[in-house]
$ cat protein_15.cif   # mmCIF, C-alpha atoms
data_input
loop_
_atom_site.label_atom_id
_atom_site.label_comp_id
_atom_site.auth_asym_id
_atom_site.auth_seq_id
_atom_site.Cartn_x
_atom_site.Cartn_y
_atom_site.Cartn_z
CA MET A 1 -23.72 70.58 -75.42
CA ALA A 2 -20.43 70.40 -77.27
CA LEU A 3 -17.39 71.60 -75.42
CA GLY A 4 -17.12 74.71 -77.57
CA THR A 5 -20.72 75.74 -76.93
CA ALA A 6 -20.62 75.83 -73.13
CA THR A 7 -21.25 79.23 -71.65
CA GLY A 8 -17.97 80.78 -70.54
CA ALA A 9 -18.62 80.78 -66.80
CA TYR A 10 -19.79 77.18 -66.75
CA GLU A 11 -17.36 75.45 -69.04
CA LEU A 12 -15.54 72.58 -67.43
CA ARG A 13 -14.26 73.87 -64.10
CA PHE A 14 -11.45 72.49 -61.98
CA GLY A 15 -11.44 74.66 -58.86
CA ALA A 16 -13.08 72.46 -56.23
CA GLY A 17 -9.77 71.44 -54.71
CA ARG A 18 -10.05 67.71 -55.39
CA LEU A 19 -10.38 65.61 -58.52
CA CYS A 20 -13.51 63.84 -57.27
CA LEU A 21 -15.18 67.18 -56.45
CA ASP A 22 -14.33 68.52 -59.90
CA LEU A 23 -16.18 65.50 -61.31
CA LEU A 24 -19.20 66.41 -59.15
CA ALA A 25 -19.13 69.94 -60.58
CA THR A 26 -19.86 68.59 -64.06
CA THR A 27 -23.58 68.46 -63.21
CA HIS A 28 -24.08 72.19 -62.65
CA PRO A 29 -25.94 74.10 -63.95
CA ASP A 30 -26.62 71.40 -66.54
CA GLU A 31 -25.14 68.04 -67.45
CA HIS A 32 -21.68 68.67 -68.91
CA LEU A 33 -20.70 65.05 -69.53
CA ASP A 34 -23.08 64.69 -72.44
CA SER A 35 -20.64 63.36 -75.02
CA VAL A 36 -17.53 61.22 -75.16
CA GLU A 37 -15.60 64.24 -76.49
CA VAL A 38 -16.49 66.35 -73.45
CA LEU A 39 -15.63 63.46 -71.12
CA CYS A 40 -12.22 63.12 -72.80
CA ALA A 41 -11.69 66.88 -72.42
CA TRP A 42 -12.55 66.55 -68.72
CA ILE A 43 -10.15 63.61 -68.31
CA VAL A 44 -7.30 65.67 -69.81
CA GLY A 45 -8.29 68.90 -68.02
CA ALA A 46 -8.47 67.12 -64.68
CA GLY A 47 -4.92 65.85 -65.17
CA LEU A 48 -5.86 62.18 -65.20
CA VAL A 49 -3.81 61.83 -68.36
CA PRO A 50 -1.19 64.08 -69.97
CA ALA A 51 -2.30 66.28 -72.86
CA GLY A 52 -2.00 64.42 -76.13
CA THR A 53 -2.78 61.01 -74.62
CA PRO A 54 -4.75 59.00 -77.18
CA LEU A 55 -8.31 58.50 -75.97
CA GLY A 56 -9.85 57.39 -79.27
CA HIS A 57 -10.87 54.10 -77.69
CA ALA A 58 -13.25 55.88 -75.27
CA ASP A 59 -16.89 55.12 -75.99
CA ALA A 60 -20.38 55.72 -74.61
CA SER A 61 -19.85 53.11 -71.89
CA TRP A 62 -17.23 55.45 -70.38
CA LEU A 63 -19.91 58.13 -70.02
CA VAL A 64 -22.17 55.70 -68.19
CA ASP A 65 -19.36 54.59 -65.87
CA PHE A 66 -18.14 58.12 -65.07
CA ARG A 67 -21.68 59.33 -64.40
CA GLU A 68 -22.33 56.37 -62.12
CA LEU A 69 -19.13 57.04 -60.14
CA ARG A 70 -20.02 60.73 -59.98
CA GLY A 71 -23.42 59.87 -58.51
CA ARG A 72 -21.89 57.56 -55.91
CA ILE A 73 -19.29 60.13 -54.89
CA GLY A 74 -22.04 62.74 -54.67
CA GLN A 75 -23.98 60.50 -52.29
CA LEU A 76 -20.91 60.11 -50.07
CA VAL A 77 -19.84 63.75 -50.09
CA ARG A 78 -23.29 65.24 -49.61
CA GLY A 79 -24.30 62.51 -47.19
CA GLY A 80 -21.21 63.28 -45.13
CA LEU A 81 -22.18 66.94 -44.88
CA HIS A 82 -25.34 66.00 -42.96
CA ALA A 83 -25.63 64.66 -39.43
CA GLU A 84 -27.16 61.37 -40.51
CA PRO A 85 -25.88 59.72 -43.72
CA TRP A 86 -28.52 58.90 -46.29
CA PRO A 87 -29.88 55.32 -46.53
CA SER A 88 -27.97 54.69 -49.78
CA TYR A 89 -24.68 55.86 -48.22
CA ASP A 90 -23.37 52.33 -47.51
CA ILE A 91 -24.21 51.13 -51.02
CA ALA A 92 -22.37 54.10 -52.53
CA LEU A 93 -19.43 53.53 -50.18
CA GLY A 94 -19.14 49.88 -51.23
CA ARG A 95 -19.26 50.78 -54.92
CA VAL A 96 -16.64 53.54 -54.63
CA ASN A 97 -14.38 51.19 -52.66
CA ASP A 98 -14.75 48.53 -55.37
CA ILE A 99 -13.92 51.00 -58.14
CA ALA A 100 -10.89 52.28 -56.18
CA LEU A 101 -9.33 48.80 -56.36
CA ALA A 102 -8.33 49.35 -60.00
CA ALA A 103 -4.77 50.60 -60.37
CA PRO A 104 -4.54 54.10 -61.86
CA PRO A 105 -2.77 54.59 -65.21
CA ALA A 106 1.00 54.08 -64.94
CA PRO A 107 3.01 57.18 -65.86
CA ARG A 108 6.54 57.21 -67.20
CA ALA A 109 9.05 59.97 -67.92
CA VAL A 110 10.22 60.35 -71.51
CA ARG A 111 12.41 62.89 -73.26
CA SER A 112 10.59 65.50 -75.33
CA GLU A 113 11.97 66.97 -78.54
CA ASP A 114 13.82 69.67 -76.58
CA GLY A 115 15.34 67.09 -74.22
CA THR A 116 13.25 67.87 -71.13
CA LEU A 117 11.41 65.09 -69.36
CA VAL A 118 7.66 64.94 -69.82
CA ARG A 119 5.02 62.59 -68.44
CA GLU A 120 3.41 60.00 -70.70
CA LEU A 121 1.37 56.94 -69.98
CA ASP A 122 2.81 53.52 -70.64
CA HIS A 123 -0.20 52.69 -72.83
CA PRO A 124 -3.62 54.22 -73.57
CA PRO A 125 -5.59 54.16 -70.32
CA GLU A 126 -8.52 51.88 -69.73
CA CYS A 127 -11.71 53.32 -68.30
CA ALA A 128 -11.41 51.25 -65.11
CA ALA A 129 -7.96 52.72 -64.41
CA LEU A 130 -9.22 56.28 -64.78
CA LEU A 131 -12.27 55.58 -62.65
CA GLY A 132 -9.98 53.99 -60.07
CA ALA A 133 -7.90 57.17 -59.84
CA VAL A 134 -11.02 59.30 -59.22
CA ALA A 135 -12.43 56.79 -56.71
CA ARG A 136 -9.09 56.71 -54.84
CA ASP A 137 -9.18 60.49 -54.63
CA ALA A 138 -12.66 60.28 -53.11
CA VAL A 139 -11.51 57.66 -50.59
CA GLU A 140 -8.53 59.84 -49.63
CA LEU A 141 -10.75 62.92 -49.27
CA LEU A 142 -13.38 61.18 -47.17
CA THR A 143 -10.85 59.50 -44.87
CA ASP A 144 -8.69 62.59 -44.30
CA PRO A 145 -10.16 64.43 -41.28
CA VAL A 146 -8.49 67.75 -42.20
CA ALA A 147 -9.69 67.72 -45.83
CA ARG A 148 -13.14 66.47 -44.80
CA ALA A 149 -13.45 69.30 -42.27
CA GLY A 150 -12.80 71.75 -45.13
CA LEU A 151 -15.70 70.52 -47.26
CA ARG A 152 -18.15 73.33 -48.01
CA GLU A 153 -21.20 73.69 -50.18
CA CYS A 154 -21.24 76.87 -52.26
CA GLU A 155 -23.38 79.65 -50.79
CA GLY A 156 -24.24 80.86 -54.29
CA ASP A 157 -27.91 80.98 -55.21
CA ASN A 158 -28.93 77.47 -56.32
CA CYS A 159 -25.32 76.29 -56.61
CA PRO A 160 -24.79 72.74 -55.33
CA ILE A 161 -21.02 72.61 -55.94
CA VAL A 162 -18.98 71.23 -53.05
CA TYR A 163 -15.36 72.31 -52.64
CA VAL A 164 -12.50 72.04 -50.15
CA ASP A 165 -11.99 75.35 -48.35
CA THR A 166 -8.26 75.85 -47.92
CA SER A 167 -8.50 79.61 -47.56
CA ARG A 168 -6.94 81.40 -44.64
CA GLY A 169 -9.41 81.34 -41.79
CA ARG A 170 -11.64 78.99 -43.81
CA ARG A 171 -13.81 81.90 -44.95
CA ARG A 172 -14.36 80.93 -48.57
CA ARG A 173 -18.07 81.18 -49.38
CA TRP A 174 -18.34 80.32 -53.06
CA CYS A 175 -17.17 77.61 -55.40
CA SER A 176 -15.79 80.39 -57.58
CA SER A 177 -15.37 84.06 -56.79
CA GLU A 178 -15.57 84.78 -60.52
CA VAL A 179 -18.88 82.94 -61.00
CA CYS A 180 -21.02 82.65 -57.86
CA GLY A 181 -19.18 85.37 -55.96
CA ASN A 182 -19.57 87.82 -58.81
CA ARG A 183 -23.25 86.91 -59.19
CA GLU A 184 -23.78 87.58 -55.46
CA ARG A 185 -21.98 90.95 -55.67
CA VAL A 186 -24.11 91.99 -58.66
CA ALA A 187 -27.31 90.95 -56.85
CA ARG A 188 -26.25 92.89 -53.73
CA HIS A 189 -25.53 95.98 -55.86
CA ARG A 190 -28.95 95.71 -57.52
CA ARG A 191 -30.67 95.41 -54.14
CA ARG A 192 -28.88 98.52 -52.83
CA ALA A 193 -29.69 100.43 -56.01
CA ALA A 194 -33.37 99.42 -55.76
CA LEU A 195 -33.47 100.54 -52.10
CA ALA A 196 -31.84 103.87 -53.01
CA ARG A 197 -34.45 104.47 -55.72
CA ALA A 198 -37.29 103.61 -53.34
#
$ encode --input "protein_15.cif" --output "structure tokens"
Amino acid sequence: MALGTATGAYELRFGAGRLCLDLLATTHPDEHLDSVEVLCAWIVGAGLVPAGTPLGHADASWLVDFRELRGRIGQLVRGGLHAEPWPSYDIALGRVNDIALAAPPAPRAVRSEDGTLVRELDHPPECAALLGAVARDAVELLTDPVARAGLRECEGDNCPIVYVDTSRGRRRRWCSSEVCGNRERVARHRRRAALARA
């Protein structure tokens, strides 16, 4: 799937409340990280690098590494939502901790053409630095009791997306009101209409 061919509701989404959870969302409903171009779009969209950062040096090995980190984070997040962590939890934890050791890309402020300060990176980022930033976000999420207590799995039909519920009263039910919430409202309307006809 090229970035331009994704269905509107499931294009790259960044509403889970944490960078690492946005990476997890790239698996639903299908694999989104299926090309280096889409991965680079995700890296920019997630704010790991400023728009316009050269990523021409990214290659297929980046896809492998990001998918592996995504799988490990998924094991930790989903394993933490259950009473007993899964057997592979400690292996995933060790791997995420190792990846988090890499320093994230170093930003610097530079003057733009109009004189305002904008963020740039000191040099094109290496894959390990980007992975390190995502892994650090996962470590921060999983070690913050308040954020961890806000972790929720979407109540949408067959939606596995996990998000941080920061809503008032912690009543958020869906990963996205526009996607899963709307789908649920449409299904409820259809059920009521079918009952009224019967």
$ residues_around --input "protein_15.cif" --residues "Pro124 (chain A)" --least-positions-apart "4" --cutoff "8 Å" --atoms "only C-alpha atoms" --output "compact mmCIF listing (two decimals) with C-alpha atoms, keeping the file's coordinate frame"
# COMPACT_ATOMS: atom_id res chain seq x y z
CA THR A 53 -2.78 61.01 -74.62
CA PRO A 54 -4.75 59.00 -77.18
CA LEU A 55 -8.31 58.50 -75.97
$ residues_around --input "protein_15.cif" --residues "Arg70 (chain A)" --least-positions-apart "3" --cutoff "7 Å" --atoms "all atoms listed in the file" --output "ChimeraX atom specification"
/A:23-24,66-67,73-74
$ closest_atom_pairs --input "protein_15.cif" --of "region 37-109 of chain A" --to "region 138-144 of chain A" --cutoff "9 Å" --atoms "all atoms listed in the file" --output "tab-separated table"
residue	atom	partner	partner_atom	distance
A:Ile73	CA	A:Ala138	CA	6.9
A:Leu76	CA	A:Leu142	CA	8.1
A:Val77	CA	A:Leu142	CA	7.5
A:Gly80	CA	A:Leu142	CA	8.4
A:Leu93	CA	A:Val139	CA	8.9
A:Val96	CA	A:Val139	CA	7.7
A:Asn97	CA	A:Val139	CA	7.4
A:Ala100	CA	A:Val139	CA	7.8
$ closest_residue --input "protein_15.cif" --among "A:Arg152, A:Arg192, A:His123, A:Arg185" --to "Arg172 (chain A)" --atoms "only C-alpha atoms"
A:Arg152
$ resolve_selection --input "protein_15.cif" --expression "the PyMOL selection byres ((chain A and resi 10-19) around 8)" --output "list of chain:residue names"
A:Leu3, A:Ala6, A:Thr7, A:Gly8, A:Ala9, A:Cys20, A:Leu21, A:Asp22, A:Leu23, A:Ala25, A:Thr26, A:His28, A:Pro29, A:His32, A:Trp42, A:Gly45, A:Ala46, A:Val134, A:Asp137, A:Ala138, A:Leu141, A:Ile161, A:Val162, A:Tyr163, A:Val164, A:Asp165, A:Cys175, A:Ser176
$ atom_distance --input "protein_15.cif" --atom1 "CA of Ala102 (chain A)" --atom2 "CA of Leu33 (chain A)"
22.1 Å
$ residues_around --input "protein_15.cif" --residues "region 109-120 of chain A" --least-positions-apart "6" --cutoff "12 Å" --atoms "all atoms listed in the file" --output "list in words"
Gly47, Leu48, Val49, Pro50, Ala51, Gly52, Thr53 and Pro54 of chain A
$ write_last_selection --input "protein_15.cif" --atoms "C-alpha atoms" --output "PDB file, in the coordinates of the input"
ATOM      1  CA  GLY A  47      -4.920  65.850 -65.170  1.00  0.00           C
ATOM      2  CA  LEU A  48      -5.860  62.180 -65.200  1.00  0.00           C
ATOM      3  CA  VAL A  49      -3.810  61.830 -68.360  1.00  0.00           C
ATOM      4  CA  PRO A  50      -1.190  64.080 -69.970  1.00  0.00           C
ATOM      5  CA  ALA A  51      -2.300  66.280 -72.860  1.00  0.00           C
ATOM      6  CA  GLY A  52      -2.000  64.420 -76.130  1.00  0.00           C
ATOM      7  CA  THR A  53      -2.780  61.010 -74.620  1.00  0.00           C
ATOM      8  CA  PRO A  54      -4.750  59.000 -77.180  1.00  0.00           C
TER       9      PRO A  54
END
$ atom_distance --input "protein_15.cif" --atom1 "CA of Glu126 (chain A)" --atom2 "CA of Leu69 (chain A)"
15.2 Å
